[in-house]
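model-v4.txt (compact mmCIF, N, CA and C atoms)
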```
# COMPACT_ATOMS: atom_id res chain seq x y z
N MET A 129 75.89 75.72 99.40
CA MET A 129 77.11 75.06 98.97
C MET A 129 78.07 76.04 98.35
N GLY A 130 77.69 77.31 98.25
CA GLY A 130 78.61 78.32 97.75
C GLY A 130 78.46 78.68 96.29
N PHE A 131 77.57 78.01 95.56
CA PHE A 131 77.36 78.32 94.16
C PHE A 131 76.46 79.54 94.03
N ILE A 132 76.73 80.37 93.03
CA ILE A 132 75.87 81.51 92.76
C ILE A 132 75.41 81.44 91.30
N VAL A 133 74.23 81.95 91.04
CA VAL A 133 73.69 81.99 89.68
C VAL A 133 74.40 83.12 88.95
N VAL A 134 75.05 82.77 87.83
CA VAL A 134 75.76 83.78 87.04
C VAL A 134 75.02 84.12 85.75
N ARG A 135 74.11 83.24 85.34
CA ARG A 135 73.38 83.50 84.10
C ARG A 135 72.15 82.63 84.06
N ILE A 136 71.08 83.18 83.50
CA ILE A 136 69.86 82.41 83.24
C ILE A 136 69.56 82.57 81.76
N ASN A 137 69.45 81.43 81.09
CA ASN A 137 69.14 81.42 79.66
C ASN A 137 67.91 80.55 79.47
N GLY A 138 66.74 81.16 79.36
CA GLY A 138 65.51 80.40 79.26
C GLY A 138 65.26 79.67 80.57
N SER A 139 65.18 78.35 80.50
CA SER A 139 64.92 77.57 81.70
C SER A 139 66.18 76.93 82.26
N HIS A 140 67.34 77.37 81.82
CA HIS A 140 68.61 76.81 82.30
C HIS A 140 69.36 77.85 83.12
N HIS A 141 69.71 77.46 84.34
CA HIS A 141 70.44 78.33 85.24
C HIS A 141 71.89 77.88 85.30
N ARG A 142 72.80 78.79 85.06
CA ARG A 142 74.24 78.51 85.10
C ARG A 142 74.75 78.95 86.47
N LEU A 143 75.36 78.04 87.21
CA LEU A 143 75.87 78.33 88.54
C LEU A 143 77.38 78.18 88.56
N LYS A 144 78.04 79.02 89.36
CA LYS A 144 79.49 78.98 89.46
C LYS A 144 79.88 79.05 90.93
N HIS A 145 80.92 78.30 91.26
CA HIS A 145 81.48 78.28 92.62
C HIS A 145 82.75 79.11 92.60
N PRO A 146 83.09 79.78 93.70
CA PRO A 146 84.33 80.57 93.73
C PRO A 146 85.59 79.78 93.38
N ASP A 147 85.57 78.44 93.58
CA ASP A 147 86.76 77.65 93.25
C ASP A 147 86.84 77.28 91.77
N GLY A 148 85.86 77.72 90.96
CA GLY A 148 85.91 77.51 89.52
C GLY A 148 84.95 76.47 88.97
N ARG A 149 84.34 75.66 89.84
CA ARG A 149 83.38 74.66 89.35
C ARG A 149 82.14 75.36 88.81
N VAL A 150 81.62 74.85 87.70
CA VAL A 150 80.40 75.40 87.11
C VAL A 150 79.45 74.26 86.75
N THR A 151 78.17 74.57 86.73
CA THR A 151 77.17 73.60 86.32
C THR A 151 75.98 74.34 85.75
N THR A 152 75.22 73.65 84.93
CA THR A 152 73.99 74.18 84.38
C THR A 152 72.85 73.29 84.84
N ILE A 153 71.83 73.90 85.43
CA ILE A 153 70.69 73.17 85.96
C ILE A 153 69.45 73.56 85.18
N PRO A 154 68.73 72.60 84.60
CA PRO A 154 67.47 72.92 83.95
C PRO A 154 66.38 73.12 85.01
N VAL A 155 65.65 74.20 84.91
CA VAL A 155 64.59 74.50 85.87
C VAL A 155 63.27 74.56 85.09
N HIS A 156 62.48 73.52 85.23
CA HIS A 156 61.21 73.43 84.51
C HIS A 156 60.06 73.32 85.51
N ARG A 157 59.54 74.45 85.91
CA ARG A 157 58.42 74.54 86.85
C ARG A 157 58.57 73.58 88.02
N ASN A 158 57.59 72.70 88.20
CA ASN A 158 57.59 71.79 89.35
C ASN A 158 58.06 70.39 88.98
N ILE A 159 58.78 70.26 87.88
CA ILE A 159 59.25 68.95 87.43
C ILE A 159 60.60 68.65 88.09
N ASP A 160 60.70 67.50 88.74
CA ASP A 160 61.95 67.08 89.37
C ASP A 160 62.97 66.69 88.31
N LEU A 161 64.25 66.85 88.65
CA LEU A 161 65.31 66.41 87.76
C LEU A 161 65.33 64.88 87.73
N PRO A 162 65.55 64.29 86.56
CA PRO A 162 65.70 62.83 86.51
C PRO A 162 66.88 62.38 87.36
N LYS A 163 66.76 61.20 87.94
CA LYS A 163 67.78 60.67 88.84
C LYS A 163 69.16 60.63 88.18
N GLY A 164 69.23 60.17 86.94
CA GLY A 164 70.51 60.06 86.24
C GLY A 164 71.16 61.41 86.02
N LEU A 165 70.37 62.42 85.66
CA LEU A 165 70.91 63.76 85.46
C LEU A 165 71.42 64.33 86.77
N MET A 166 70.67 64.13 87.85
CA MET A 166 71.10 64.62 89.16
C MET A 166 72.41 63.97 89.58
N ARG A 167 72.52 62.67 89.39
CA ARG A 167 73.77 61.97 89.73
C ARG A 167 74.93 62.48 88.89
N ALA A 168 74.70 62.72 87.60
CA ALA A 168 75.77 63.22 86.73
C ALA A 168 76.22 64.61 87.16
N ILE A 169 75.29 65.47 87.52
CA ILE A 169 75.64 66.81 87.98
C ILE A 169 76.48 66.72 89.25
N ILE A 170 76.05 65.88 90.19
CA ILE A 170 76.79 65.74 91.45
C ILE A 170 78.20 65.22 91.21
N LYS A 171 78.32 64.16 90.43
CA LYS A 171 79.63 63.52 90.22
C LYS A 171 80.55 64.35 89.33
N GLU A 172 80.05 64.81 88.18
CA GLU A 172 80.90 65.44 87.19
C GLU A 172 81.09 66.94 87.42
N ASP A 173 80.00 67.65 87.69
CA ASP A 173 80.09 69.10 87.82
C ASP A 173 80.47 69.54 89.23
N LEU A 174 79.82 68.96 90.24
CA LEU A 174 80.11 69.35 91.61
C LEU A 174 81.36 68.65 92.16
N GLU A 175 81.80 67.60 91.45
CA GLU A 175 82.99 66.83 91.83
C GLU A 175 82.86 66.30 93.26
N MET A 176 81.70 65.71 93.55
CA MET A 176 81.41 65.14 94.86
C MET A 176 80.88 63.73 94.65
N ASN A 177 80.88 62.93 95.72
CA ASN A 177 80.15 61.68 95.63
C ASN A 177 78.78 61.88 96.26
N ILE A 178 77.90 60.92 96.06
CA ILE A 178 76.51 61.06 96.50
C ILE A 178 76.42 61.27 98.01
N GLU A 179 77.23 60.55 98.77
CA GLU A 179 77.19 60.66 100.23
C GLU A 179 77.58 62.06 100.70
N GLU A 180 78.62 62.64 100.10
CA GLU A 180 79.03 63.99 100.46
C GLU A 180 77.90 64.98 100.18
N PHE A 181 77.27 64.84 99.02
CA PHE A 181 76.18 65.74 98.65
C PHE A 181 75.02 65.62 99.63
N LEU A 182 74.63 64.39 99.98
CA LEU A 182 73.52 64.19 100.89
C LEU A 182 73.81 64.72 102.28
N ASP A 183 75.06 64.63 102.73
CA ASP A 183 75.43 65.18 104.04
C ASP A 183 75.24 66.69 104.07
N ILE A 184 75.58 67.36 102.97
CA ILE A 184 75.45 68.81 102.90
C ILE A 184 74.01 69.22 102.66
N PHE A 185 73.31 68.49 101.80
CA PHE A 185 71.94 68.81 101.42
C PHE A 185 71.03 68.54 102.58
```
Could you show the structure in this file as structure tokens?
Amino acid sequence: MGFIVVRINGSHHRLKHPDGRVTTIPVHRNIDLPKGLMRAIIKEDLEMNIEEFLDIF
């Protein structure tokens, strides 16, 4: 999707897109992200709707 990791602080990865969008993703071993957190990241940080994300993913 064009995001690159710009910083890792403990278990949190900070990603940035060339167009300026940024997000922080918690990475905790094999634990999946909670559904609500994933939806919030997609809507607020990636500025996409769920359908757009699923088409790309």
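Assigned to strand (DSSP E or B) in chain A, given DSSP computed from backbone atoms, are A:Ile132, A:Val133, A:Val134, A:Arg135, A:Ile136, A:Asn137, A:His140, A:His141, A:Arg142, A:Leu143, A:Lys144, A:Val150, A:Thr151, A:Thr152, A:Ile153, A:Pro154.
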### Message
as a ChimeraX atom specification, please: every residue in chain A that a backbone DSSP assignment puts in alpha helix (DSSP H).
### Response
/A:163-168,178-184
## Note on the structure
From atom N of Ile132 of chain A to atom C of Met176 of chain A the spacing works out at 17.2 Å
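Reported to one decimal place, the separation of atom N of Glu180 of chain A from atom CA of Asn137 of chain A is 29.3 Å.
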Axis-aligned box for all listed atoms of segment 137-144 of chain A, 8 Å per side, centre and edges in Å to one decimal, as lines of an AutoDock Vina configuration file:
```
center_x = 72.4
center_y = 79.1
center_z = 85.1
size_x = 31.0
size_y = 20.6
size_z = 27.7
```
### Message
So the first atom is atom C of Lys144 of chain A and the second is atom C of Gly130 of chain A; what is the distance between them in Å, to one decimal place?
### Response
5.6 Å
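By chain and then residue number, the residues within 5 Å of Thr152 of chain A are His141, Arg142 and Leu143 of chain A, counting all atoms listed in the file and disregarding those fewer than 3 positions away in sequence.
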### Query
Do you know which residues are at most 8 Å from Glu175 of chain A counting only N, CA and C atoms, after dropping those on the same chain fewer than 6 positions away, and could you put them as a PyMOL selection string?
chain A and resi 149+168-169
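Of the listed residues (A:Asn177, A:Glu172, A:Phe131, A:Lys163), A:Phe131 comes nearest to Pro146 of chain A; the distances count all atoms listed in the file.
In this comparison, which uses only C-alpha atoms, the residue of A:Leu174, A:Ile136, A:Leu182, A:Met166 approaching Val150 of chain A most closely is A:Leu174.
Among the candidates A:Thr151, A:Met129, A:His140, A:Ile159, the residue lying nearest to Asp173 of chain A is A:Thr151 (atoms considered: all atoms listed in the file).
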